[in-house]
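Printed here is run.pdb (PDB, C-alpha atoms):
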ATOM      1  CA  MET A   1     152.237  75.307  97.211
ATOM      2  CA  LEU A   2     155.697  74.068  96.141
ATOM      3  CA  PHE A   3     156.215  70.761  94.313
ATOM      4  CA  THR A   4     159.934  70.048  93.969
ATOM      5  CA  ASP A   5     162.559  67.351  93.556
ATOM      6  CA  ILE A   6     165.546  67.022  95.872
ATOM      7  CA  ARG A   7     167.991  66.744  92.974
ATOM      8  CA  MET A   8     168.067  69.844  90.737
ATOM      9  CA  PRO A   9     170.847  71.404  88.598
ATOM     10  CA  ARG A  10     171.740  74.552  90.561
ATOM     11  CA  ILE A  11     170.254  74.029  94.015
ATOM     12  CA  ASP A  12     169.007  70.941  95.779
ATOM     13  CA  GLY A  13     165.388  70.729  96.885
ATOM     14  CA  LEU A  14     166.174  70.807 100.596
ATOM     15  CA  GLU A  15     168.120  74.053 100.225
ATOM     16  CA  LEU A  16     165.286  75.523  98.153
ATOM     17  CA  VAL A  17     162.762  74.540 100.819
ATOM     18  CA  SER A  18     164.952  76.063 103.530
ATOM     19  CA  GLN A  19     165.122  79.400 101.681
ATOM     20  CA  ILE A  20     161.399  79.494 100.895
ATOM     21  CA  LYS A  21     160.387  78.679 104.463
ATOM     22  CA  LYS A  22     162.232  81.777 105.658
ATOM     23  CA  ASP A  23     159.948  84.029 103.604
ATOM     24  CA  PHE A  24     156.833  81.846 103.448
ATOM     25  CA  PRO A  25     156.718  79.751 106.633
ATOM     26  CA  ASN A  26     153.206  78.455 105.907
ATOM     27  CA  MET A  27     153.986  77.312 102.353
ATOM     28  CA  GLU A  28     152.696  73.778 101.637
ATOM     29  CA  ILE A  29     155.501  71.659 100.187
ATOM     30  CA  LEU A  30     155.514  68.296  98.437
ATOM     31  CA  LEU A  31     159.037  66.903  98.050
ATOM     32  CA  ILE A  32     159.945  64.041  95.720
ATOM     33  CA  SER A  33     163.159  62.054  95.673
ATOM     34  CA  ALA A  34     164.780  58.877  94.420
ATOM     35  CA  TYR A  35     166.635  58.566  97.726
ATOM     36  CA  ARG A  36     165.401  56.388 100.542
ATOM     37  CA  GLU A  37     168.041  57.517 103.037
ATOM     38  CA  PHE A  38     166.679  58.518 106.435
ATOM     39  CA  GLU A  39     168.893  61.617 106.433
ATOM     40  CA  TYR A  40     166.928  63.232 103.578
ATOM     41  CA  ALA A  41     163.535  62.438 105.094
ATOM     42  CA  HIS A  42     164.666  63.652 108.522
ATOM     43  CA  LYS A  43     165.946  66.943 107.093
ATOM     44  CA  ALA A  44     162.684  67.409 105.167
ATOM     45  CA  ILE A  45     160.658  66.895 108.351
ATOM     46  CA  GLU A  46     162.835  69.430 110.197
ATOM     47  CA  LEU A  47     162.039  71.954 107.458
ATOM     48  CA  GLY A  48     158.308  71.411 107.870
ATOM     49  CA  VAL A  49     157.736  69.252 104.786
ATOM     50  CA  LYS A  50     154.660  67.112 105.421
ATOM     51  CA  HIS A  51     154.831  65.055 102.222
ATOM     52  CA  TYR A  52     157.929  63.213 101.037
ATOM     53  CA  LEU A  53     157.311  60.902  98.059
ATOM     54  CA  LEU A  54     159.768  58.417  96.597
ATOM     55  CA  LYS A  55     160.267  57.835  92.891
ATOM     56  CA  PRO A  56     158.680  56.242  90.995
ATOM     57  CA  ILE A  57     155.673  58.085  92.408
ATOM     58  CA  GLU A  58     152.552  56.016  92.965
ATOM     59  CA  GLU A  59     149.446  57.783  91.673
ATOM     60  CA  VAL A  60     147.391  56.877  94.746
ATOM     61  CA  LYS A  61     149.990  58.359  97.104
ATOM     62  CA  LEU A  62     150.323  61.513  95.003
ATOM     63  CA  ILE A  63     146.546  62.070  94.928
ATOM     64  CA  SER A  64     146.360  61.449  98.684
ATOM     65  CA  ALA A  65     149.128  63.994  99.338
ATOM     66  CA  LEU A  66     147.522  66.618  97.089
ATOM     67  CA  ASN A  67     144.108  66.133  98.726
ATOM     68  CA  SER A  68     145.686  66.515 102.144
ATOM     69  CA  ILE A  69     147.395  69.740 101.071
ATOM     70  CA  LYS A  70     144.171  71.050  99.524
ATOM     71  CA  LYS A  71     142.291  70.365 102.758
ATOM     72  CA  ARG A  72     144.856  72.275 104.839
ATOM     73  CA  LEU A  73     144.848  75.199 102.380
ATOM     74  CA  LEU A  74     141.054  75.449 102.592
ATOM     75  CA  GLN A  75     141.200  75.314 106.394
ATOM     76  CA  ASN A  76     143.834  78.060 106.435
ATOM     77  CA  GLU A  77     141.753  80.212 104.087
ATOM     78  CA  SER A  78     138.703  79.765 106.307
ATOM     79  CA  GLU A  79     140.689  80.762 109.387
ATOM     80  CA  GLU A  80     142.103  83.794 107.572
ATOM     81  CA  LEU A  81     138.595  84.879 106.573
ATOM     82  CA  LYS A  82     137.418  84.595 110.169
ATOM     83  CA  GLN A  83     140.350  86.693 111.324
ATOM     84  CA  GLU A  84     139.723  89.252 108.578
ATOM     85  CA  GLN A  85     136.112  89.503 109.674
ATOM     86  CA  LYS A  86     137.153  90.109 113.277
ATOM     87  CA  ASN A  87     139.523  92.835 112.119
ATOM     88  CA  GLU A  88     136.985  94.530 109.837
ATOM     89  CA  TYR A  89     134.164  95.072 112.285
ATOM     90  CA  PRO A  90     132.262  96.730 114.040
ATOM     91  CA  GLU A  91     131.499  98.248 110.610
ATOM     92  CA  ARG A  92     130.532  95.060 108.812
ATOM     93  CA  LEU A  93     131.438  94.946 105.160
ATOM     94  CA  GLU A  94     128.520  92.759 104.141
ATOM     95  CA  GLU A  95     126.082  95.248 105.663
ATOM     96  CA  SER A  96     127.681  98.003 103.615
ATOM     97  CA  ILE A  97     127.329  95.847 100.498
ATOM     98  CA  LYS A  98     123.651  95.190 101.241
ATOM     99  CA  LEU A  99     123.035  98.896 101.802
ATOM    100  CA  ILE A 100     124.530  99.803  98.416
ATOM    101  CA  ILE A 101     122.394  97.143  96.727
ATOM    102  CA  ALA A 102     119.238  98.351  98.499
ATOM    103  CA  ASN A 103     119.905 101.935  97.424
ATOM    104  CA  GLU A 104     121.070 101.231  93.882
ATOM    105  CA  TYR A 105     119.316  98.061  92.694
ATOM    106  CA  LYS A 106     117.632 100.141  89.941
ATOM    107  CA  ASN A 107     121.046 100.998  88.508
ATOM    108  CA  GLU A 108     121.783  98.728  85.521
ATOM    109  CA  ASN A 109     125.520  99.159  86.159
ATOM    110  CA  LEU A 110     125.324  97.723  89.675
ATOM    111  CA  SER A 111     127.880  94.917  89.904
ATOM    112  CA  VAL A 112     130.565  93.470  92.160
ATOM    113  CA  LYS A 113     133.129  95.805  90.594
ATOM    114  CA  TYR A 114     130.831  98.803  91.038
ATOM    115  CA  ILE A 115     130.432  97.963  94.734
ATOM    116  CA  SER A 116     134.139  97.266  95.245
ATOM    117  CA  ASP A 117     135.021 100.621  93.678
ATOM    118  CA  LYS A 118     132.582 102.388  96.002
ATOM    119  CA  LEU A 119     133.977 100.678  99.096
ATOM    120  CA  ALA A 120     137.607 100.823  97.886
ATOM    121  CA  TYR A 121     138.140  97.091  98.383
ATOM    122  CA  ASN A 122     139.363  94.353  96.072
ATOM    123  CA  ALA A 123     136.379  92.756  94.284
ATOM    124  CA  ALA A 124     137.546  89.176  94.888
ATOM    125  CA  TYR A 125     138.081  89.895  98.596
ATOM    126  CA  LEU A 126     134.594  91.394  98.960
ATOM    127  CA  GLY A 127     133.122  88.408  97.135
ATOM    128  CA  ARG A 128     134.786  85.937  99.510
ATOM    129  CA  ILE A 129     133.768  87.861 102.635
ATOM    130  CA  PHE A 130     130.155  88.184 101.483
ATOM    131  CA  LYS A 131     129.728  84.571 100.415
ATOM    132  CA  TYR A 132     131.340  83.307 103.622
ATOM    133  CA  SER A 133     128.916  85.385 105.694
ATOM    134  CA  GLU A 134     125.726  85.129 103.623
ATOM    135  CA  GLY A 135     126.136  81.814 101.818
ATOM    136  CA  ILE A 136     125.444  83.451  98.453
ATOM    137  CA  SER A 137     127.515  85.432  95.956
ATOM    138  CA  ILE A 138     127.081  89.203  95.626
ATOM    139  CA  ARG A 139     125.928  88.729  92.020
ATOM    140  CA  GLU A 140     123.203  86.289  93.054
ATOM    141  CA  TYR A 141     122.177  88.504  95.965
ATOM    142  CA  ILE A 142     121.707  91.461  93.585
ATOM    143  CA  LYS A 143     119.569  89.354  91.273
ATOM    144  CA  GLU A 144     117.527  87.963  94.187
ATOM    145  CA  TYR A 145     116.992  91.441  95.634
ATOM    146  CA  ARG A 146     115.814  92.766  92.279
ATOM    147  CA  ILE A 147     113.345  89.893  91.882
ATOM    148  CA  LYS A 148     111.912  90.576  95.357
ATOM    149  CA  GLN A 149     111.414  94.206  94.388
ATOM    150  CA  ALA A 150     109.820  93.133  91.105
ATOM    151  CA  CYS A 151     107.373  90.930  93.023
ATOM    152  CA  ARG A 152     106.474  93.882  95.231
ATOM    153  CA  LEU A 153     105.823  96.113  92.217
ATOM    154  CA  ILE A 154     103.816  93.473  90.363
ATOM    155  CA  ALA A 155     101.656  92.822  93.415
ATOM    156  CA  ASN A 156     101.135  96.422  94.541
ATOM    157  CA  THR A 157     101.204  98.603  91.427
ATOM    158  CA  GLY A 158      99.645  98.719  88.010
ATOM    159  CA  LEU A 159     103.000  98.958  86.246
ATOM    160  CA  LYS A 160     103.342  96.978  83.051
ATOM    161  CA  ILE A 161     105.828  94.093  83.117
ATOM    162  CA  TYR A 162     108.351  95.926  80.931
ATOM    163  CA  GLU A 163     108.121  98.890  83.306
ATOM    164  CA  VAL A 164     108.767  96.617  86.299
ATOM    165  CA  CYS A 165     111.791  95.264  84.419
ATOM    166  CA  SER A 166     113.147  98.796  83.968
ATOM    167  CA  GLU A 167     112.359  99.801  87.569
ATOM    168  CA  THR A 168     114.348  96.895  89.010
ATOM    169  CA  GLY A 169     117.625  97.361  87.112
ATOM    170  CA  PHE A 170     117.349  94.639  84.471
ATOM    171  CA  ASN A 171     118.802  95.813  81.175
ATOM    172  CA  ASP A 172     116.507  93.722  78.967
ATOM    173  CA  ILE A 173     113.153  91.975  79.239
ATOM    174  CA  GLY A 174     114.563  88.572  78.287
ATOM    175  CA  THR A 175     117.039  88.541  81.166
ATOM    176  CA  PHE A 176     114.276  89.706  83.503
ATOM    177  CA  TYR A 177     111.888  86.911  82.475
ATOM    178  CA  GLU A 178     114.622  84.291  82.783
ATOM    179  CA  ALA A 179     115.670  85.463  86.264
ATOM    180  CA  PHE A 180     112.068  85.804  87.455
ATOM    181  CA  ARG A 181     111.098  82.299  86.333
ATOM    182  CA  SER A 182     114.285  80.881  87.878
ATOM    183  CA  TYR A 183     113.516  82.373  91.302
ATOM    184  CA  MET A 184     109.711  82.303  91.367
ATOM    185  CA  GLY A 185     108.903  79.276  89.223
ATOM    186  CA  CYS A 186     106.509  81.257  87.027
ATOM    187  CA  THR A 187     106.430  84.226  84.652
ATOM    188  CA  PRO A 188     105.788  87.773  85.928
ATOM    189  CA  ALA A 189     102.304  87.714  84.334
ATOM    190  CA  GLU A 190     101.471  84.397  86.018
ATOM    191  CA  TYR A 191     102.679  85.799  89.334
ATOM    192  CA  ARG A 192     100.385  88.838  88.931
ATOM    193  CA  GLU A 193      97.423  86.528  88.347
ATOM    194  CA  GLN A 194      98.273  84.491  91.430
ATOM    195  CA  VAL A 195      98.546  87.470  93.797
ATOM    196  CA  GLN A 196      95.266  88.956  92.569
ATOM    197  CA  TYR A 197      93.425  86.073  94.197
ATOM    198  CA  LEU A 198      95.200  86.260  97.560
TER     199      LEU A 198
END
Transcribe the structure of this file into structure tokens.
Amino acid sequence: MLFTDIRMPRIDGLELVSQIKKDFPNMEILLISAYREFEYAHKAIELGVKHYLLKPIEEVKLISALNSIKKRLLQNESEELKQEQKNEYPERLEESIKLIIANEYKNENLSVKYISDKLAYNAAYLGRIFKYSEGISIREYIKEYRIKQACRLIANTGLKIYEVCSETGFNDIGTFYEAFRSYMGCTPAEYREQVQYL
């Protein structure tokens, strides 16, 4: 996004906008000016400027313009993600991420960076793709997957709670208890008591 005045020391805002649009045609631009002449506004519109504010700038109009720009940027990002997804498949990235988690959930070093290094993708990009598809972050998915495995072990084995913690990739018992209670609404010991009577 570019926020610029028409009057500047070395180059006027309209010329700046013209140069930027050549390299970044989809750049969102908010132009401010003390001039009310139609010629300036007309030239701005020709250059693709959607917001032209006059000085002194009214706060309400500025907030409205920024919200409008934000909305378009989010829409563009969503469309780009959809296009990226179309280009990535048939081998779906999120399925590859899930497979790594399923195979390596016991690994204490499992993280978004660990996964991105394995798949040779940018971590932020993988995070956006996964959350867009699954509605949950990779970090939360790892934690949720580990808790599901912990529930399975508590219900079907005689492992002690600290052993279940170790077997599911948690690096300390405190973190394990906190995550378990957050997802299951009870402690691991309470969960074991509950499943014994099912």
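Nearest to Lys118 (chain A) of all the residues A:Lys131, A:Asn103, A:Arg181, A:Ile97 is A:Ile97, based on only C-alpha atoms.
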Contacts between region 156-165 of chain A and region 58-150 of chain A, please, where a residue of region 58-150 of chain A counts if it comes within 12 Å (with all atoms listed in the file); show its shortest atom pair and distance in Å to one decimal, rows by chain and ascending number, as a tab-separated table.
residue	atom	partner	partner_atom	distance
A:Tyr105	CA	A:Cys165	CA	11.5
A:Lys106	CA	A:Cys165	CA	9.4
A:Asn107	CA	A:Cys165	CA	11.6
A:Glu108	CA	A:Cys165	CA	10.6
A:Lys143	CA	A:Cys165	CA	11.9
A:Arg146	CA	A:Cys165	CA	9.2
A:Ile147	CA	A:Cys165	CA	9.3
A:Lys148	CA	A:Val164	CA	11.3
A:Gln149	CA	A:Val164	CA	8.8
A:Ala150	CA	A:Val164	CA	6.0
Saved selection, atoms kept: C-alpha atoms, as a short mmCIF file (atom, residue, chain, number, x, y, z; two decimals), in the frame of the given file:
data_model
loop_
_atom_site.label_atom_id
_atom_site.label_comp_id
_atom_site.auth_asym_id
_atom_site.auth_seq_id
_atom_site.Cartn_x
_atom_site.Cartn_y
_atom_site.Cartn_z
CA TYR A 105 119.32 98.06 92.69
CA LYS A 106 117.63 100.14 89.94
CA ASN A 107 121.05 101.00 88.51
CA GLU A 108 121.78 98.73 85.52
CA LYS A 143 119.57 89.35 91.27
CA ARG A 146 115.81 92.77 92.28
CA ILE A 147 113.34 89.89 91.88
CA LYS A 148 111.91 90.58 95.36
CA GLN A 149 111.41 94.21 94.39
CA ALA A 150 109.82 93.13 91.10
#
Discussion item. For a test of reading the model, state the distance in Å between CA of Arg128 (chain A) and CA of Val112 (chain A), rounded to one decimal.
Written reply: 11.3 Å
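Using all atoms listed in the file for every distance, the candidate list A:Ile138, A:Ile32, A:Asn76, A:Ile100 yields A:Ile32 as the residue closest to Glu58 (chain A).
For the choices A:Leu30, A:Leu126, A:Ile136, A:Met184, the atom-to-atom distance to Lys61 (chain A) is smallest for A:Leu30 when using only C-alpha atoms.
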Fill in: Which of A:Ile101, A:Ile173, A:Ala34, A:Ile154 sits closest to Pro188 (chain A) [using all atoms listed in the file]
A:Ile154
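Selection check: the PyMOL selection byres ((chain A and resi 113) around 12) on the shown file gives A:Ile97, A:Asn109, A:Leu110, A:Ser111, A:Val112, A:Tyr114, A:Ile115, A:Ser116, A:Asp117, A:Lys118, A:Leu119, A:Ala120, A:Tyr121, A:Asn122, A:Ala123, A:Ala124, A:Tyr125, A:Leu126, A:Gly127, A:Ile138, A:Arg139.
One finds CA of Thr175 (chain A) at 16.8 Å from CA of Glu190 (chain A).
CA of Val195 (chain A) is found 6.2 Å from CA of Ala155 (chain A).
Checking A:Tyr183, A:Glu193, A:Ala102, A:Ile20 one by one against Thr168 (chain A), counting all atoms listed in the file, you find the shortest gap at A:Ala102.
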